[in-house]
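Heads up, data35.cif below (mmCIF, C-alpha atoms):
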```
data_model
#
loop_
_atom_site.group_PDB
_atom_site.id
_atom_site.type_symbol
_atom_site.label_atom_id
_atom_site.label_comp_id
_atom_site.auth_asym_id
_atom_site.auth_seq_id
_atom_site.Cartn_x
_atom_site.Cartn_y
_atom_site.Cartn_z
ATOM 1 C CA MET A 178 19.692 4.095 12.204
ATOM 2 C CA ARG A 179 18.403 7.623 12.776
ATOM 3 C CA LYS A 180 16.537 9.856 10.329
ATOM 4 C CA PRO A 181 18.617 12.763 9.007
ATOM 5 C CA VAL A 182 15.741 15.284 8.838
ATOM 6 C CA PRO A 183 12.057 15.212 9.867
ATOM 7 C CA GLY A 184 9.894 13.192 7.508
ATOM 8 C CA CYS A 185 12.791 11.478 5.711
ATOM 9 C CA ASN A 186 13.392 7.731 5.715
ATOM 10 C CA GLN A 187 16.535 7.217 3.678
ATOM 11 C CA LEU A 188 16.094 3.441 3.545
ATOM 12 C CA ILE A 189 12.841 3.806 1.601
ATOM 13 C CA LEU A 190 14.775 5.878 -0.919
ATOM 14 C CA ALA A 191 17.493 3.232 -1.043
ATOM 15 C CA GLU A 192 14.973 0.450 -1.736
ATOM 16 C CA ASP A 193 13.110 2.454 -4.368
ATOM 17 C CA ASP A 194 16.212 3.729 -6.132
ATOM 18 C CA GLY A 195 18.483 0.687 -6.004
ATOM 19 C CA TRP A 196 21.001 1.610 -3.333
ATOM 20 C CA ALA A 197 24.543 1.598 -4.714
ATOM 21 C CA LYS A 198 26.818 1.218 -1.730
ATOM 22 C CA PRO A 199 28.944 2.768 -0.328
ATOM 23 C CA GLU A 200 27.139 6.043 -1.072
ATOM 24 C CA ASP A 201 24.817 7.109 1.731
ATOM 25 C CA PRO A 202 21.199 7.203 0.449
ATOM 26 C CA PHE A 203 20.591 10.605 2.053
ATOM 27 C CA VAL A 204 23.613 12.025 0.249
ATOM 28 C CA ARG A 205 22.134 10.612 -2.944
ATOM 29 C CA PHE A 206 18.819 12.278 -2.055
ATOM 30 C CA LEU A 207 20.520 15.661 -1.625
ATOM 31 C CA LYS A 208 22.522 15.323 -4.847
ATOM 32 C CA ALA A 209 19.306 14.547 -6.724
ATOM 33 C CA GLY A 210 17.743 17.815 -5.546
ATOM 34 C CA ARG A 211 15.494 16.361 -2.798
ATOM 35 C CA PRO A 212 13.133 14.434 -5.105
ATOM 36 C CA VAL A 213 9.533 13.877 -3.988
ATOM 37 C CA GLY A 214 8.596 10.323 -3.084
ATOM 38 C CA PRO A 215 7.435 8.001 -0.280
ATOM 39 C CA TRP A 216 10.806 8.460 1.430
ATOM 40 C CA MET A 217 9.893 12.086 2.276
ATOM 41 C CA LEU A 218 6.600 12.513 4.110
ATOM 42 C CA PRO A 219 4.711 15.782 4.704
ATOM 43 C CA VAL A 220 5.467 17.170 8.157
ATOM 44 C CA ILE A 221 2.934 18.832 10.448
ATOM 45 C CA ASP A 222 4.743 21.032 12.959
ATOM 46 C CA THR A 223 4.072 23.974 15.272
ATOM 47 C CA ALA A 224 4.044 26.355 12.283
ATOM 48 C CA SER A 225 1.319 24.403 10.488
ATOM 49 C CA PRO A 226 -2.028 26.185 10.153
ATOM 50 C CA VAL A 227 -4.970 25.787 12.493
ATOM 51 C CA GLY A 228 -8.372 26.060 10.831
ATOM 52 C CA VAL A 229 -10.862 24.717 13.340
ATOM 53 C CA ASP A 230 -13.799 26.536 11.715
ATOM 54 C CA SER A 231 -13.671 24.003 8.882
ATOM 55 C CA ILE A 232 -13.803 21.017 11.242
ATOM 56 C CA ASP A 233 -17.061 19.390 12.313
ATOM 57 C CA PRO A 234 -16.305 18.299 15.897
ATOM 58 C CA THR A 235 -19.255 15.898 15.939
ATOM 59 C CA ARG A 236 -17.394 13.794 13.359
ATOM 60 C CA ILE A 237 -14.183 13.582 15.425
ATOM 61 C CA ALA A 238 -13.554 10.857 18.000
ATOM 62 C CA LEU A 239 -10.693 9.900 20.283
ATOM 63 C CA HIS A 240 -10.114 6.417 21.679
ATOM 64 C CA LEU A 241 -8.146 6.341 24.924
ATOM 65 C CA HIS A 242 -7.031 2.988 26.263
ATOM 66 C CA ALA A 243 -6.555 3.938 29.911
ATOM 67 C CA PHE A 244 -5.200 0.778 31.469
ATOM 68 C CA TYR A 245 -3.159 3.042 33.781
ATOM 69 C CA VAL A 246 -5.941 5.371 34.905
ATOM 70 C CA GLU A 247 -3.609 7.511 37.025
ATOM 71 C CA GLU A 248 -2.082 8.863 33.796
ATOM 72 C CA LEU A 249 -5.406 9.909 32.266
ATOM 73 C CA GLN A 250 -5.458 13.418 33.763
ATOM 74 C CA ALA A 251 -2.145 14.259 32.089
ATOM 75 C CA VAL A 252 -3.594 13.183 28.732
ATOM 76 C CA LEU A 253 -6.701 15.325 29.232
ATOM 77 C CA LYS A 254 -4.566 18.323 30.229
ATOM 78 C CA ARG A 255 -2.819 18.119 26.878
ATOM 79 C CA LEU A 256 -6.124 17.699 25.045
ATOM 80 C CA ARG A 257 -7.404 20.920 26.631
ATOM 81 C CA ARG A 258 -4.643 22.822 24.794
ATOM 82 C CA ASN A 259 -6.836 22.429 21.701
ATOM 83 C CA VAL A 260 -10.143 23.926 20.586
ATOM 84 C CA ILE A 261 -11.632 20.722 19.182
ATOM 85 C CA ARG A 262 -13.197 18.446 21.788
ATOM 86 C CA PRO A 263 -13.580 14.998 20.218
ATOM 87 C CA THR A 264 -16.077 12.432 21.427
ATOM 88 C CA LEU A 265 -14.177 10.206 23.847
ATOM 89 C CA PHE A 266 -14.312 6.430 23.870
ATOM 90 C CA VAL A 267 -12.364 5.023 26.812
ATOM 91 C CA SER A 268 -11.395 1.426 27.446
ATOM 92 C CA THR A 269 -9.924 0.463 30.791
ATOM 93 C CA GLY A 270 -9.324 -2.477 33.100
ATOM 94 C CA ASP A 271 -12.065 -4.288 34.963
ATOM 95 C CA GLY A 272 -13.226 -2.337 38.021
ATOM 96 C CA LYS A 273 -11.613 0.918 36.900
ATOM 97 C CA GLU A 274 -14.666 2.488 35.207
ATOM 98 C CA ALA A 275 -15.589 4.724 38.161
ATOM 99 C CA ARG A 276 -12.061 6.149 38.319
ATOM 100 C CA VAL A 277 -12.168 6.891 34.591
ATOM 101 C CA GLN A 278 -15.550 8.591 34.948
ATOM 102 C CA SER A 279 -14.225 10.724 37.787
ATOM 103 C CA ALA A 280 -11.246 11.791 35.660
ATOM 104 C CA LEU A 281 -13.609 12.774 32.849
ATOM 105 C CA ASP A 282 -16.033 14.783 34.992
ATOM 106 C CA ASP A 283 -14.546 18.122 33.939
ATOM 107 C CA TYR A 284 -14.073 17.197 30.261
ATOM 108 C CA SER A 285 -16.070 19.755 28.283
ATOM 109 C CA GLY A 286 -16.627 17.545 25.234
ATOM 110 C CA PRO A 287 -18.894 14.532 24.742
ATOM 111 C CA VAL A 288 -18.105 11.120 26.201
ATOM 112 C CA GLY A 289 -19.349 8.315 23.999
ATOM 113 C CA GLU A 290 -18.653 5.273 26.134
ATOM 114 C CA ILE A 291 -16.471 3.929 28.937
ATOM 115 C CA ARG A 292 -15.941 0.182 28.819
ATOM 116 C CA ALA A 293 -13.995 -2.285 30.923
ATOM 117 C CA VAL A 294 -12.056 -4.795 28.854
ATOM 118 C CA PRO A 295 -9.957 -7.846 29.645
ATOM 119 C CA ASN A 296 -6.183 -7.495 29.783
ATOM 120 C CA HIS A 297 -5.968 -9.119 26.372
ATOM 121 C CA GLY A 298 -4.991 -7.579 23.072
ATOM 122 C CA ARG A 299 -3.536 -4.497 24.785
ATOM 123 C CA ASP A 300 -4.713 -1.255 23.129
ATOM 124 C CA ILE A 301 -5.320 -2.775 19.677
ATOM 125 C CA ALA A 302 -8.154 -5.128 20.638
ATOM 126 C CA PRO A 303 -10.244 -2.328 22.219
ATOM 127 C CA LEU A 304 -9.596 -0.174 19.147
ATOM 128 C CA LEU A 305 -10.432 -2.699 16.428
ATOM 129 C CA THR A 306 -12.743 -5.204 18.107
ATOM 130 C CA LEU A 307 -14.624 -3.130 20.696
ATOM 131 C CA PHE A 308 -14.922 0.434 19.397
ATOM 132 C CA GLY A 309 -13.793 0.014 15.788
ATOM 133 C CA PRO A 310 -17.247 -0.613 14.247
ATOM 134 C CA THR A 311 -18.668 2.526 15.920
ATOM 135 C CA LEU A 312 -15.682 4.658 14.962
ATOM 136 C CA VAL A 313 -15.864 3.758 11.272
ATOM 137 C CA GLN A 314 -19.653 4.140 11.064
ATOM 138 C CA GLU A 315 -20.229 7.337 13.032
ATOM 139 C CA PHE A 316 -17.024 9.404 12.694
ATOM 140 C CA ASP A 317 -14.741 10.691 9.952
ATOM 141 C CA ILE A 318 -11.466 11.014 11.863
ATOM 142 C CA PHE A 319 -10.363 9.474 15.137
ATOM 143 C CA GLY A 320 -7.366 9.499 17.412
ATOM 144 C CA HIS A 321 -5.937 6.497 19.220
ATOM 145 C CA LEU A 322 -3.831 6.937 22.371
ATOM 146 C CA HIS A 323 -3.022 4.761 25.336
ATOM 147 C CA THR A 324 -1.523 5.290 28.752
ATOM 148 C CA LYS A 325 1.924 3.744 28.517
ATOM 149 C CA ARG A 326 4.213 2.066 31.029
ATOM 150 C CA SER A 327 6.214 -0.575 29.062
ATOM 151 C CA LEU A 328 6.882 -2.533 32.245
ATOM 152 C CA HIS A 329 9.445 -4.738 30.504
ATOM 153 C CA ALA A 330 11.746 -1.714 30.171
ATOM 154 C CA THR A 331 14.247 -1.041 32.946
ATOM 155 C CA ASN A 332 15.076 2.578 32.063
ATOM 156 C CA ARG A 333 12.074 4.613 33.230
ATOM 157 C CA ARG A 334 13.530 7.892 31.935
ATOM 158 C CA THR A 335 13.604 6.446 28.421
ATOM 159 C CA ILE A 336 9.967 5.330 28.595
ATOM 160 C CA ASP A 337 8.829 8.627 30.138
ATOM 161 C CA ALA A 338 10.617 10.545 27.364
ATOM 162 C CA TRP A 339 8.957 8.350 24.719
ATOM 163 C CA THR A 340 5.510 8.841 26.235
ATOM 164 C CA SER A 341 5.996 12.608 26.434
ATOM 165 C CA PHE A 342 7.246 12.640 22.837
ATOM 166 C CA LEU A 343 4.124 10.804 21.601
ATOM 167 C CA MET A 344 1.646 12.904 23.568
ATOM 168 C CA GLU A 345 3.331 16.216 22.702
ATOM 169 C CA ASN A 346 3.210 15.361 19.001
ATOM 170 C CA LEU A 347 -0.369 14.059 18.896
ATOM 171 C CA LEU A 348 -2.139 16.314 21.410
ATOM 172 C CA GLY A 349 0.255 19.124 22.237
ATOM 173 C CA GLY A 350 1.611 20.744 25.351
ATOM 174 C CA GLU A 351 4.016 23.450 26.410
ATOM 175 C CA SER A 352 6.225 22.951 23.349
ATOM 176 C CA GLY A 353 3.701 21.772 20.785
ATOM 177 C CA GLY A 354 0.699 23.882 21.661
ATOM 178 C CA ALA A 355 -2.479 22.767 19.878
ATOM 179 C CA MET A 356 -1.075 19.849 17.878
ATOM 180 C CA SER A 357 -4.305 17.874 17.532
ATOM 181 C CA ASP A 358 -6.036 20.975 16.106
ATOM 182 C CA ARG A 359 -3.238 21.218 13.527
ATOM 183 C CA ILE A 360 -3.485 17.532 12.657
ATOM 184 C CA LEU A 361 -7.269 17.686 12.291
ATOM 185 C CA THR A 362 -6.946 20.789 10.120
ATOM 186 C CA ALA A 363 -4.552 18.977 7.790
ATOM 187 C CA MET A 364 -6.756 15.887 7.594
ATOM 188 C CA THR A 365 -9.887 17.946 6.964
ATOM 189 C CA GLU A 366 -8.215 19.858 4.153
ATOM 190 C CA ASP A 367 -6.751 16.731 2.537
ATOM 191 C CA PRO A 368 -9.268 13.851 2.310
ATOM 192 C CA THR A 369 -6.553 11.514 0.966
ATOM 193 C CA LEU A 370 -4.586 11.785 4.205
ATOM 194 C CA GLY A 371 -5.245 8.455 5.879
ATOM 195 C CA ILE A 372 -3.037 8.582 8.947
ATOM 196 C CA VAL A 373 -0.846 10.995 10.930
ATOM 197 C CA TYR A 374 1.630 9.979 13.607
ATOM 198 C CA PRO A 375 4.772 11.273 15.360
ATOM 199 C CA ASP A 376 7.946 11.169 13.304
ATOM 200 C CA ASP A 377 10.064 8.930 15.494
ATOM 201 C CA PRO A 378 13.729 9.770 14.854
ATOM 202 C CA ASN A 379 14.664 6.085 14.888
ATOM 203 C CA ILE A 380 14.172 3.793 11.904
ATOM 204 C CA LEU A 381 12.650 0.515 13.062
ATOM 205 C CA GLU A 382 11.068 -1.871 10.585
ATOM 206 C CA TRP A 383 9.787 -5.461 10.555
ATOM 207 C CA THR A 384 12.265 -6.921 13.086
ATOM 208 C CA GLU A 385 10.590 -10.216 14.140
ATOM 209 C CA ASN A 386 7.191 -9.274 12.739
ATOM 210 C CA LEU A 387 7.301 -9.921 9.001
ATOM 211 C CA GLY A 388 5.752 -13.374 9.251
ATOM 212 C CA PRO A 389 2.803 -12.287 11.435
ATOM 213 C CA ALA A 390 2.361 -9.190 9.228
ATOM 214 C CA GLN A 391 2.189 -11.301 6.078
ATOM 215 C CA ASN A 392 -0.518 -13.428 7.687
ATOM 216 C CA VAL A 393 -2.633 -10.354 8.448
ATOM 217 C CA ALA A 394 -1.933 -8.696 5.080
ATOM 218 C CA GLU A 395 -3.039 -11.805 3.200
ATOM 219 C CA GLN A 396 -6.447 -11.492 4.863
ATOM 220 C CA MET A 397 -6.608 -8.054 3.186
ATOM 221 C CA TYR A 398 -5.627 -9.646 -0.153
ATOM 222 C CA ILE A 399 -2.209 -7.967 -0.054
ATOM 223 C CA THR A 400 0.608 -10.357 -0.892
ATOM 224 C CA HIS A 401 3.678 -8.121 -1.084
ATOM 225 C CA LEU A 402 5.110 -5.988 1.706
ATOM 226 C CA HIS A 403 7.994 -3.581 1.200
ATOM 227 C CA ASN A 404 11.178 -4.079 3.164
ATOM 228 C CA HIS A 405 11.407 -0.440 4.255
ATOM 229 C CA PHE A 406 8.580 1.729 5.558
ATOM 230 C CA SER A 407 7.583 3.999 8.428
ATOM 231 C CA PHE A 408 4.824 3.339 10.935
ATOM 232 C CA PRO A 409 3.326 4.790 14.140
ATOM 233 C CA MET A 410 5.969 3.505 16.546
ATOM 234 C CA GLY A 411 4.244 3.170 19.896
ATOM 235 C CA ASN A 412 0.883 2.702 18.147
ATOM 236 C CA MET A 413 -0.502 6.188 18.785
ATOM 237 C CA LEU A 414 -1.999 8.141 15.899
ATOM 238 C CA TRP A 415 -4.790 10.063 14.222
ATOM 239 C CA ALA A 416 -6.449 8.273 11.293
ATOM 240 C CA ARG A 417 -9.306 8.455 8.835
ATOM 241 C CA SER A 418 -12.134 6.083 9.638
ATOM 242 C CA THR A 419 -12.321 4.810 6.067
ATOM 243 C CA TYR A 420 -8.729 3.644 6.464
ATOM 244 C CA LEU A 421 -9.328 2.007 9.842
ATOM 245 C CA ASP A 422 -12.261 0.158 8.278
ATOM 246 C CA ARG A 423 -9.817 -2.050 6.366
ATOM 247 C CA PHE A 424 -8.562 -3.342 9.723
ATOM 248 C CA VAL A 425 -11.949 -3.468 11.447
ATOM 249 C CA THR A 426 -13.401 -5.640 8.678
ATOM 250 C CA LEU A 427 -10.804 -8.290 9.460
ATOM 251 C CA GLY A 428 -13.397 -9.247 12.065
ATOM 252 C CA LEU A 429 -10.874 -10.049 14.787
ATOM 253 C CA CYS A 430 -12.377 -11.475 17.987
ATOM 254 C CA TRP A 431 -10.833 -11.186 21.440
ATOM 255 C CA GLU A 432 -9.607 -14.777 21.141
ATOM 256 C CA ASP A 433 -7.650 -13.875 17.991
ATOM 257 C CA TYR A 434 -5.186 -11.738 19.948
ATOM 258 C CA PRO A 435 -2.204 -13.277 21.766
ATOM 259 C CA ALA A 436 -2.481 -13.799 25.510
ATOM 260 C CA GLU A 437 -0.394 -12.094 28.174
ATOM 261 C CA PRO A 438 2.403 -12.113 29.038
ATOM 262 C CA LEU A 439 3.536 -11.007 25.590
ATOM 263 C CA PRO A 440 7.062 -11.086 24.234
ATOM 264 C CA ILE A 441 8.453 -7.659 23.370
ATOM 265 C CA ASP A 442 8.303 -8.460 19.643
ATOM 266 C CA GLY A 443 7.031 -10.934 17.064
ATOM 267 C CA THR A 444 3.255 -11.036 17.730
ATOM 268 C CA SER A 445 0.222 -10.125 15.640
ATOM 269 C CA LEU A 446 -0.147 -6.956 17.765
ATOM 270 C CA HIS A 447 3.329 -5.772 16.779
ATOM 271 C CA ALA A 448 2.528 -6.715 13.179
ATOM 272 C CA ILE A 449 -0.705 -4.676 13.104
ATOM 273 C CA GLU A 450 1.151 -1.684 14.572
ATOM 274 C CA ARG A 451 3.513 -1.816 11.597
ATOM 275 C CA LEU A 452 0.837 -2.543 9.019
ATOM 276 C CA LEU A 453 -1.026 0.613 10.057
ATOM 277 C CA GLY A 454 1.844 2.528 8.455
ATOM 278 C CA ALA A 455 3.017 0.051 5.823
ATOM 279 C CA LEU A 456 -0.249 -0.382 3.890
ATOM 280 C CA LEU A 457 -1.279 3.245 3.246
ATOM 281 C CA LYS A 458 -0.157 3.564 -0.348
ATOM 282 C CA ARG A 459 -1.257 0.036 -1.188
ATOM 283 C CA ILE A 460 -4.889 0.851 -0.427
ATOM 284 C CA GLY A 461 -5.065 4.408 -1.719
ATOM 285 C CA PHE A 462 -4.222 6.685 1.210
ATOM 286 C CA GLY A 463 -1.405 9.068 2.016
ATOM 287 C CA LYS A 464 0.212 9.797 5.362
ATOM 288 C CA ALA A 465 1.968 12.593 7.201
ATOM 289 C CA VAL A 466 4.084 12.822 10.320
ATOM 290 C CA THR A 467 4.346 15.377 13.106
ATOM 291 C CA ASN A 468 7.440 17.072 14.453
ATOM 292 C CA VAL A 469 7.602 19.327 17.518
ATOM 293 C CA GLY A 470 10.935 21.128 17.634
ATOM 294 C CA GLY A 471 13.042 20.347 20.673
ATOM 295 C CA VAL A 472 10.996 17.262 21.595
ATOM 296 C CA THR A 473 12.637 13.961 20.742
ATOM 297 C CA ARG A 474 13.719 10.665 22.231
#
```
What do you get writing this file as structure tokens?
Amino acid sequence: MRKPVPGCNQLILAEDDGWAKPEDPFVRFLKAGRPVGPWMLPVIDTASPVGVDSIDPTRIALHLHAFYVEELQAVLKRLRRNVIRPTLFVSTGDGKEARVQSALDDYSGPVGEIRAVPNHGRDIAPLLTLFGPTLVQEFDIFGHLHTKRSLHATNRRTIDAWTSFLMENLLGGESGGAMSDRILTAMTEDPTLGIVYPDDPNILEWTENLGPAQNVAEQMYITHLHNHFSFPMGNMLWARSTYLDRFVTLGLCWEDYPAEPLPIDGTSLHAIERLLGALLKRIGFGKAVTNVGGVTR
């Protein structure tokens, strides 16, 4: 199912309101005068304000999981569209540190650390287990991006379009301009905003991941998960460190993550990706999504 307008998930409305088939939940939403609720998220777009003077750049970090180092320059080119230069924390594969350092030589912001990690836990293990404690202790807001190939996919044009969609929405580019500056402005102005991520036009929910998600949620003392929700599909986002702390304090070790090769669904990594969006309201944070006109997948 596709979303009818940016920020709207009609299935959340249906679950909250008691969906009476055969009426379409979005039609019901329109008839009701577009009521406010978790089914309609705030949208940060290219018309959203930029107020970098209110942002303390020393409290902003960006984690890049650069397993595919050859794609790092394209990420940095997008980052340079913005005024704010976050402190970079880069994880990469063993033996690739020198190539990462070379790519970062002309980065005008601070570089916190470059670390080689095992090919285990994908981008989530470096985020939560390696850099997570530093991010939550020393920074207020952080971004999380990773170079993406999705080697299981056979249609390269689809994956390239998805990657461009994520990067354009979270960093910016020719269409989006300074999107990370806009996101950081919104998060600085609203301290309850826990996470911001691209508004994927597709509605994808638990699929095979409800069981693994329940296992993780129970460790956070959360016993009920809603059927319908939105989440950072592709696991790229900007978030508040106090929100990430709830995941860091799970204390996951490298051995807790599933080993490669991974199935395309149904692991704790896929579950955490969904929980990053599903648990916001349950633990006192709000969320927003981004939308760059003309950029979709």
Within 9 Å of region 223-227 of chain A, which residues of region 335-363 of chain A come that close, and what is the closest atom pair and distance in Å for each? Count all atoms listed in the file and give it as a tab-separated table.
```
residue	atom	partner	partner_atom	distance
A:Ser352	CA	A:Thr223	CA	8.4
A:Gly353	CA	A:Thr223	CA	5.9
A:Gly354	CA	A:Thr223	CA	7.2
A:Ala355	CA	A:Thr223	CA	8.1
A:Met356	CA	A:Thr223	CA	7.1
A:Asp358	CA	A:Val227	CA	6.1
A:Arg359	CA	A:Val227	CA	5.0
A:Ile360	CA	A:Val227	CA	8.4
A:Leu361	CA	A:Val227	CA	8.4
A:Thr362	CA	A:Val227	CA	5.9
A:Ala363	CA	A:Pro226	CA	8.0
```
Nearest to Glu450 (chain A), restricted to all atoms listed in the file and choosing among A:Asp300, A:Asp367, A:Glu200, A:Asp230, comes out as A:Asp300
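Using all atoms listed in the file, the nearest neighbour of Val393 (chain A) within the list A:Phe203, A:Phe266, A:Tyr245, A:Tyr434 is A:Tyr434.
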The residue from A:Arg236, A:Lys458, A:Lys254, A:His403 with the smallest atom-to-atom distance to Thr369 (chain A), counting only C-alpha atoms, is A:Lys458
Do you know which residues the PyMOL selection byres ((chain A and resi 428) around 12) returns on this file, as a PyMOL selection string? chain A and resi 302+305-307+309-310+393+396-397+422-427+429-434
Under the rule that all atoms listed in the file are counted, which of A:Pro378, A:Pro368, A:Pro440, A:Gly461 is the nearest residue to Met178 (chain A)?
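Counting all atoms listed in the file, the residue closest to Met178 (chain A) is A:Pro378.
Nearest residue to Gln391 (chain A) among A:Leu348, A:Leu241, A:Val313, A:Ala448 is A:Ala448, counting all atoms listed in the file.
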Open item on the list: Tell me which residues come within 10 Å of (5.8, 2.6, 14.3), as an NGL selection string, counting all atoms listed in the file in the file's coordinates.
Closed with: :A and (374-377 or 379-383 or 406-414 or 447-455)
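Taken over the shown file, the PyMOL selection byres ((chain A and resi 270) around 12) identifies His242, Ala243, Phe244, Tyr245, Val246, Val267, Ser268, Thr269, Asp271, Gly272, Lys273, Glu274, Ala275, Arg276, Val277, Ile291, Arg292, Ala293, Val294, Pro295, Asn296, His297, Arg299, Asp300, Pro303 and Thr324 of chain A.
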Report, in Å to a single decimal, how far apart CA of Arg179 (chain A) and CA of Lys208 (chain A) are.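 Rounded to one decimal, the two atoms are 19.7 Å apart.
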**Message:** List the spatial neighbours of Trp216 (chain A) as a ChimeraX atom specification - criterion: any atom at most 6 Å away, only C-alpha atoms, same-chain residues fewer than 2 positions off excluded.
**Reply:** /A:185-186,189-190,214
What does the distance between CA of Lys180 (chain A) and CA of Arg326 (chain A) come to in Å, to one decimal place?
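We find that CA of Lys180 (chain A) and CA of Arg326 (chain A) lie 25.3 Å from each other.
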| request: Give me, please, the distance in Å between CA of Pro183 (chain A) and CA of Ala209 (chain A), quoted to one decimal. | output: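 Rounded to one decimal, the two atoms are 18.1 Å apart.
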Listing only residues of region 187-294 of chain A within 8 Å of region 463-474 of chain A, what is the closest atom pair and its distance in Å (to one decimal) for each, using only C-alpha atoms, sorted by chain and residue number ascending, as JSON lines?
```
{"residue": "A:Leu218", "atom": "CA", "partner": "A:Ala465", "partner_atom": "CA", "distance": 5.6}
{"residue": "A:Pro219", "atom": "CA", "partner": "A:Ala465", "partner_atom": "CA", "distance": 4.9}
{"residue": "A:Val220", "atom": "CA", "partner": "A:Val466", "partner_atom": "CA", "distance": 5.0}
{"residue": "A:Ile221", "atom": "CA", "partner": "A:Thr467", "partner_atom": "CA", "distance": 4.6}
{"residue": "A:Asp222", "atom": "CA", "partner": "A:Asn468", "partner_atom": "CA", "distance": 5.0}
{"residue": "A:Thr223", "atom": "CA", "partner": "A:Val469", "partner_atom": "CA", "distance": 6.3}
```
The residue from A:Arg211, A:His405, A:His321, A:Arg334 with the smallest atom-to-atom distance to Leu347 (chain A), counting all atoms listed in the file, is A:His321
Check your understanding: Quick one: residues within 7 Å of region 443-446 of chain A, only C-alpha atoms counted, chain neighbours fewer than 4 positions away excluded, as an MDAnalysis selection string?
Key -> chainID A and resid 301 385:386 389:390 450
